[in-house]
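For reference, data_2.csv is printed below; it contains CSV, C-alpha atoms and all ligand atoms.
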chain,number,residue,atom,x,y,z
X,1,MET,CA,0.0,0.0,0.0
X,2,SER,CA,1.3,3.4,-0.9
X,3,ARG,CA,1.8,5.5,2.2
X,4,LEU,CA,2.9,9.0,3.2
X,5,THR,CA,4.4,9.6,6.6
X,6,VAL,CA,5.4,13.2,7.6
X,7,PHE,CA,7.7,14.1,10.5
X,8,ASN,CA,9.2,17.2,12.0
X,9,GLU,CA,12.9,16.8,11.2
X,10,SER,CA,13.7,16.7,15.0
X,11,THR,CA,11.4,13.9,15.8
X,12,PRO,CA,12.0,10.8,13.6
X,13,GLU,CA,10.3,8.6,16.1
X,14,ALA,CA,7.0,10.5,16.0
X,15,PRO,CA,5.3,11.2,12.7
X,16,PHE,CA,2.5,13.8,12.9
X,17,PHE,CA,0.7,12.8,9.6
X,18,VAL,CA,0.2,9.3,8.1
X,19,THR,CA,-2.1,8.3,5.2
X,20,GLU,CA,-2.5,5.5,2.8
X,21,ASN,CA,-5.2,7.4,0.8
X,22,ALA,CA,-3.9,8.4,-2.6
X,23,ALA,CA,-5.8,11.7,-2.8
X,24,ALA,CA,-4.7,12.7,0.7
X,25,MET,CA,-1.1,11.8,-0.3
X,26,ALA,CA,-1.3,13.9,-3.4
X,27,GLY,CA,-2.8,16.8,-1.5
X,28,LYS,CA,-0.1,16.8,1.2
X,29,LEU,CA,2.7,16.4,-1.3
X,30,ALA,CA,1.3,19.2,-3.5
X,31,ASP,CA,2.0,21.5,-0.5
X,32,ILE,CA,5.7,21.0,-1.2
X,33,GLY,CA,5.5,21.0,-5.0
X,34,VAL,CA,5.7,17.2,-5.3
X,35,GLN,CA,3.4,15.7,-7.9
X,36,PHE,CA,1.8,12.3,-6.9
X,37,GLU,CA,-0.7,10.4,-9.0
X,38,ARG,CA,-1.9,6.8,-9.3
X,39,TRP,CA,-2.2,5.5,-12.8
X,40,GLU,CA,-4.3,2.5,-13.8
X,41,SER,CA,-2.0,0.1,-15.7
X,42,PRO,CA,-3.2,-0.3,-19.3
X,43,VAL,CA,-2.0,-3.9,-19.5
X,44,ALA,CA,-0.8,-6.6,-17.2
X,45,LEU,CA,3.0,-6.6,-17.2
X,46,ALA,CA,5.3,-9.2,-15.7
X,47,PRO,CA,8.6,-8.3,-13.9
X,48,GLU,CA,10.5,-10.1,-16.7
X,49,ASP,CA,9.0,-8.0,-19.5
X,50,SER,CA,11.6,-6.1,-21.4
X,51,ALA,CA,12.1,-2.4,-21.1
X,52,GLU,CA,10.7,-2.0,-24.7
X,53,VAL,CA,7.4,-3.8,-23.8
X,54,ILE,CA,7.0,-1.7,-20.6
X,55,LEU,CA,7.7,1.6,-22.4
X,56,GLU,CA,5.3,0.7,-25.2
X,57,ALA,CA,2.5,-0.2,-22.6
X,58,TYR,CA,2.9,3.2,-21.0
X,59,ARG,CA,3.5,5.2,-24.1
X,60,PRO,CA,0.2,7.2,-24.0
X,61,TYR,CA,0.8,8.1,-20.4
X,62,LEU,CA,4.5,9.0,-21.0
X,63,ASN,CA,3.7,11.1,-24.1
X,64,GLU,CA,1.3,13.2,-22.0
X,65,LEU,CA,3.6,13.4,-19.1
X,66,MET,CA,6.6,14.3,-21.2
X,67,GLY,CA,4.6,16.9,-23.0
X,68,THR,CA,3.6,18.5,-19.7
X,69,LYS,CA,7.1,18.4,-18.4
X,70,GLY,CA,8.9,19.2,-21.6
X,71,ALA,CA,10.8,16.0,-21.1
X,72,GLY,CA,13.0,14.6,-23.8
X,73,SER,CA,13.4,10.9,-22.9
X,74,ALA,CA,12.3,8.0,-20.8
X,75,ASP,CA,13.8,4.7,-19.8
X,76,VAL,CA,13.2,1.8,-17.5
X,77,ILE,CA,15.2,0.9,-14.4
X,78,LYS,CA,15.0,-2.5,-12.7
X,79,LEU,CA,16.6,-3.4,-9.5
X,80,THR,CA,16.3,-6.9,-7.9
X,81,PRO,CA,17.9,-8.2,-4.7
X,82,ASP,CA,20.2,-10.5,-6.6
X,83,ASN,CA,21.8,-7.6,-8.6
X,84,PRO,CA,25.4,-7.3,-7.3
X,85,ALA,CA,25.2,-3.5,-7.8
X,86,ALA,CA,22.2,-3.2,-5.5
X,87,PRO,CA,24.1,-2.3,-2.3
X,88,ALA,CA,26.2,0.4,-4.1
X,89,MET,CA,23.1,1.8,-5.8
X,90,ARG,CA,21.3,1.9,-2.5
X,91,THR,CA,24.1,3.8,-0.8
X,92,LYS,CA,24.4,6.3,-3.6
X,93,PHE,CA,20.9,7.6,-3.3
X,94,LEU,CA,20.5,7.1,0.4
X,95,SER,CA,22.3,10.3,1.2
X,96,GLU,CA,20.4,13.6,1.0
X,97,HIS,CA,20.8,15.2,-2.4
X,98,ILE,CA,19.2,17.4,-5.0
X,99,HIS,CA,19.1,17.4,-8.8
X,100,THR,CA,19.0,20.2,-11.3
X,101,GLU,CA,15.8,18.9,-12.9
X,102,ASP,CA,12.7,17.2,-11.7
X,103,GLU,CA,13.1,13.5,-10.6
X,104,ILE,CA,10.1,11.8,-12.3
X,105,ARG,CA,9.4,8.1,-11.6
X,106,PHE,CA,6.6,5.8,-12.2
X,107,PHE,CA,6.6,2.4,-10.5
X,108,VAL,CA,5.6,-0.6,-12.7
X,109,HIS,CA,6.5,-3.2,-10.1
X,110,GLY,CA,7.7,-3.2,-6.5
X,111,GLY,CA,8.2,-0.1,-4.6
X,112,GLY,CA,10.5,2.3,-2.8
X,113,HIS,CA,10.6,5.3,-0.5
X,114,PHE,CA,11.1,8.8,-1.8
X,115,VAL,CA,11.9,11.0,1.2
X,116,MET,CA,11.7,14.8,0.8
X,117,HIS,CA,13.2,17.2,3.3
X,118,VAL,CA,11.5,20.6,3.1
X,119,ASP,CA,11.1,23.5,5.6
X,120,GLY,CA,12.1,21.4,8.6
X,121,LYS,CA,9.8,18.5,7.8
X,122,VAL,CA,10.5,15.0,6.4
X,123,TYR,CA,8.0,13.5,3.9
X,124,ASP,CA,8.4,9.8,3.5
X,125,ALA,CA,6.4,8.8,0.4
X,126,TYR,CA,6.4,5.0,-0.1
X,127,CYS,CA,5.5,4.5,-3.7
X,128,GLU,CA,4.5,1.2,-5.3
X,129,ALA,CA,3.2,-0.2,-8.6
X,130,GLY,CA,0.9,2.4,-10.2
X,131,ASP,CA,2.4,5.4,-8.5
X,132,LEU,CA,3.8,8.4,-10.3
X,133,ILE,CA,6.0,10.8,-8.3
X,134,SER,CA,7.7,14.0,-9.5
X,135,VAL,CA,10.1,15.7,-7.2
X,136,PRO,CA,10.9,19.2,-8.2
X,137,ALA,CA,14.5,20.3,-9.1
X,138,ASN,CA,16.5,21.5,-6.1
X,139,THR,CA,14.2,19.7,-3.5
X,140,LYS,CA,16.3,17.9,-0.9
X,141,HIS,CA,15.5,14.2,-0.9
X,142,TRP,CA,16.8,10.7,-0.8
X,143,PHE,CA,15.6,7.3,-2.0
X,144,ASP,CA,15.6,3.9,-0.3
X,145,ALA,CA,14.1,0.6,-1.5
X,146,GLY,CA,15.6,-1.2,1.5
X,147,PRO,CA,18.3,-3.9,1.8
X,148,ALA,CA,16.5,-6.2,-0.7
X,149,PRO,CA,15.3,-3.7,-3.4
X,150,PHE,CA,12.7,-4.9,-5.8
X,151,PHE,CA,11.3,-2.5,-8.3
X,152,THR,CA,10.8,-1.6,-11.9
X,153,ALA,CA,10.3,2.0,-12.6
X,154,LEU,CA,10.0,4.3,-15.6
X,155,ARG,CA,12.3,7.4,-15.5
X,156,VAL,CA,11.5,10.5,-17.4
X,157,PHE,CA,14.3,13.0,-18.2
X,158,VAL,CA,14.4,16.5,-19.6
X,159,ASP,CA,18.2,16.3,-19.8
X,160,THR,CA,19.9,13.1,-18.5
X,161,SER,CA,22.7,15.2,-17.0
X,162,GLY,CA,20.1,16.6,-14.6
X,163,TRP,CA,19.9,13.2,-12.9
X,164,VAL,CA,23.3,13.5,-11.3
X,165,PRO,CA,22.9,13.8,-7.5
X,166,HIS,CA,24.4,16.8,-5.8
X,167,PHE,CA,24.9,15.8,-2.2
X,168,THR,CA,24.0,18.3,0.6
X,169,GLY,CA,26.3,16.7,3.2
X,170,ASP,CA,23.5,16.5,5.7
X,171,GLU,CA,23.3,13.0,7.2
X,172,ILE,CA,19.6,13.3,8.1
X,173,SER,CA,18.7,10.2,6.2
X,174,ALA,CA,20.5,8.1,8.9
X,175,ARG,CA,18.0,9.4,11.4
X,176,PHE,CA,15.0,8.4,9.3
X,177,PRO,CA,15.5,4.7,8.5
X,178,VAL,CA,12.6,3.6,6.3
X,179,ALA,CA,10.4,0.7,7.4
Z,1,FE,FE,17.3,11.8,-6.4

Just dump the structure as structure tokens.
Ligand SMILES: [Fe+2]
Amino acid sequence: MSRLTVFNESTPEAPFFVTENAAAMAGKLADIGVQFERWESPVALAPEDSAEVILEAYRPYLNELMGTKGAGSADVIKLTPDNPAAPAMRTKFLSEHIHTEDEIRFFVHGGGHFVMHVDGKVYDAYCEAGDLISVPANTKHWFDAGPAPFFTALRVFVDTSGWVPHFTGDEISARFPVA
């Protein structure tokens, strides 16, 4: 179940807002400029489906999204627990960072936590299959899919160089381990 949990940055043990309602998640995230939507899957896709099949299935959605965002390209990222690169990839995005363009992801399978840090608050958005999230450029955030990551996600880019993380040096993510 998708879920949004919001904390004050000083009280990681005591969230003051929790919801699993998609509309409530979207409303709360909109307060910080984060777009959240649930999409109905147009077809049943299997985790082993190729990137091409997945992109084709979501092409109408992607075309609309890319038009809205002025985005130039989309691809598919898959991560499974048996991938030897999984621990390194987890570590890379687990530290607080920003990007110079919006980080736009749609979960096809599995899930992961996008955690935004804005105005003294921490917004932990657990996204799963069917969820679109768009984190605005320059919003401090991190991502964690846990020690055994399993997800397939569409990524949308305006300019792929914008995807490079710029780390803030704040170690706040260590105080907010995701469930
Ligand atoms: Fe990021």

Please compute the atom CA of X:Ala153-atom CA of X:Asp170 distance, one decimal, in Å.
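Going from atom CA of X:Ala153 over to atom CA of X:Asp170, I get 26.8 Å.
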
message = Using all atoms listed in the file, can you tell me which of X:Val118, X:Val156, X:Lys92, X:Thr11 comes closest to X:Leu55?
response =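 Checking each candidate against X:Leu55, we get X:Val156 as the closest.
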
inquiry  = Give me, as a ChimeraX atom specification, all polymer residues having an atom no more than 10 Å from X:Ala23, counting all atoms listed in the file and skipping those fewer than 5 positions away in the same chain.
reply    = /X:28-29,36-38

Find the residues near ligand FE 1 (chain Z). Use a cut-off of 8 Å, count all atoms listed in the file, and write them as a short mmCIF file (atom, residue, chain, number, x, y, z; two decimals) with C-alpha atoms, in the frame of the given file.
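selection-v7.cif was written with the following content:
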data_model
loop_
_atom_site.label_atom_id
_atom_site.label_comp_id
_atom_site.auth_asym_id
_atom_site.auth_seq_id
_atom_site.Cartn_x
_atom_site.Cartn_y
_atom_site.Cartn_z
CA PHE X 93 20.90 7.60 -3.30
CA HIS X 97 20.80 15.20 -2.40
CA ILE X 98 19.20 17.40 -5.00
CA HIS X 99 19.10 17.40 -8.80
CA GLU X 103 13.10 13.50 -10.60
CA HIS X 141 15.50 14.20 -0.90
CA TRP X 142 16.80 10.70 -0.80
CA PHE X 143 15.60 7.30 -2.00
CA TRP X 163 19.90 13.20 -12.90
CA VAL X 164 23.30 13.50 -11.30
CA PRO X 165 22.90 13.80 -7.50
#

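Our summary of the geometry notes that atom CA of X:Ala145 is positioned 20.7 Å from atom CA of X:Gly169.
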
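As for atom CA of X:Asp131 and atom CA of X:Glu171, they are spaced 27.2 Å apart.
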
Item to check | 9 Å contact set for X:Leu45, all atoms listed in the file, chain neighbours under 4 positions out, as a VMD selection string | outcome: chain X and resid 41 49 53 to 54 57 108 to 109

Query raised in the report: Which residue out of X:Phe106, X:Phe7, X:Phe16, X:Phe114 has the minimum interatomic distance to X:Gly146 when only C-alpha atoms are used?
Result: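 Result for the nearest residue to X:Gly146: X:Phe114.
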
| List as an MDAnalysis selection string: which residues have an atom within 7 Å of (21.5, -6.5, -1.3), counting all atoms listed in the file? | chainID X and resid 81:82 86:87 147:148

If you count all atoms listed in the file, the residue of X:Gly27, X:Gly112, X:Gly33, X:Pro60 closest to X:Ala125 turns out to be X:Gly112

Test item: residues at most 6 Å from X:Ser2, only C-alpha atoms, excluding those fewer than 5 positions along its chain, as a list in words
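My reading of the contact set: Glu20, Tyr126, Cys127 and Glu128 of chain X.
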
Keeping C-alpha atoms, export the residues of the selection given above as a compact mmCIF listing (two decimals), in the frame of the given file.
# COMPACT_ATOMS: atom_id res chain seq x y z
CA GLU X 20 -2.50 5.50 2.80
CA TYR X 126 6.40 5.00 -0.10
CA CYS X 127 5.50 4.50 -3.70
CA GLU X 128 4.50 1.20 -5.30

Using only C-alpha atoms, determine which residues lie at most 10 Å from X:Leu62, disregarding the query and same-chain residues fewer than 6 positions distant; provide the list as a PyMOL selection string.
chain X and resi 55-56+68+71+73-74+106+154-156
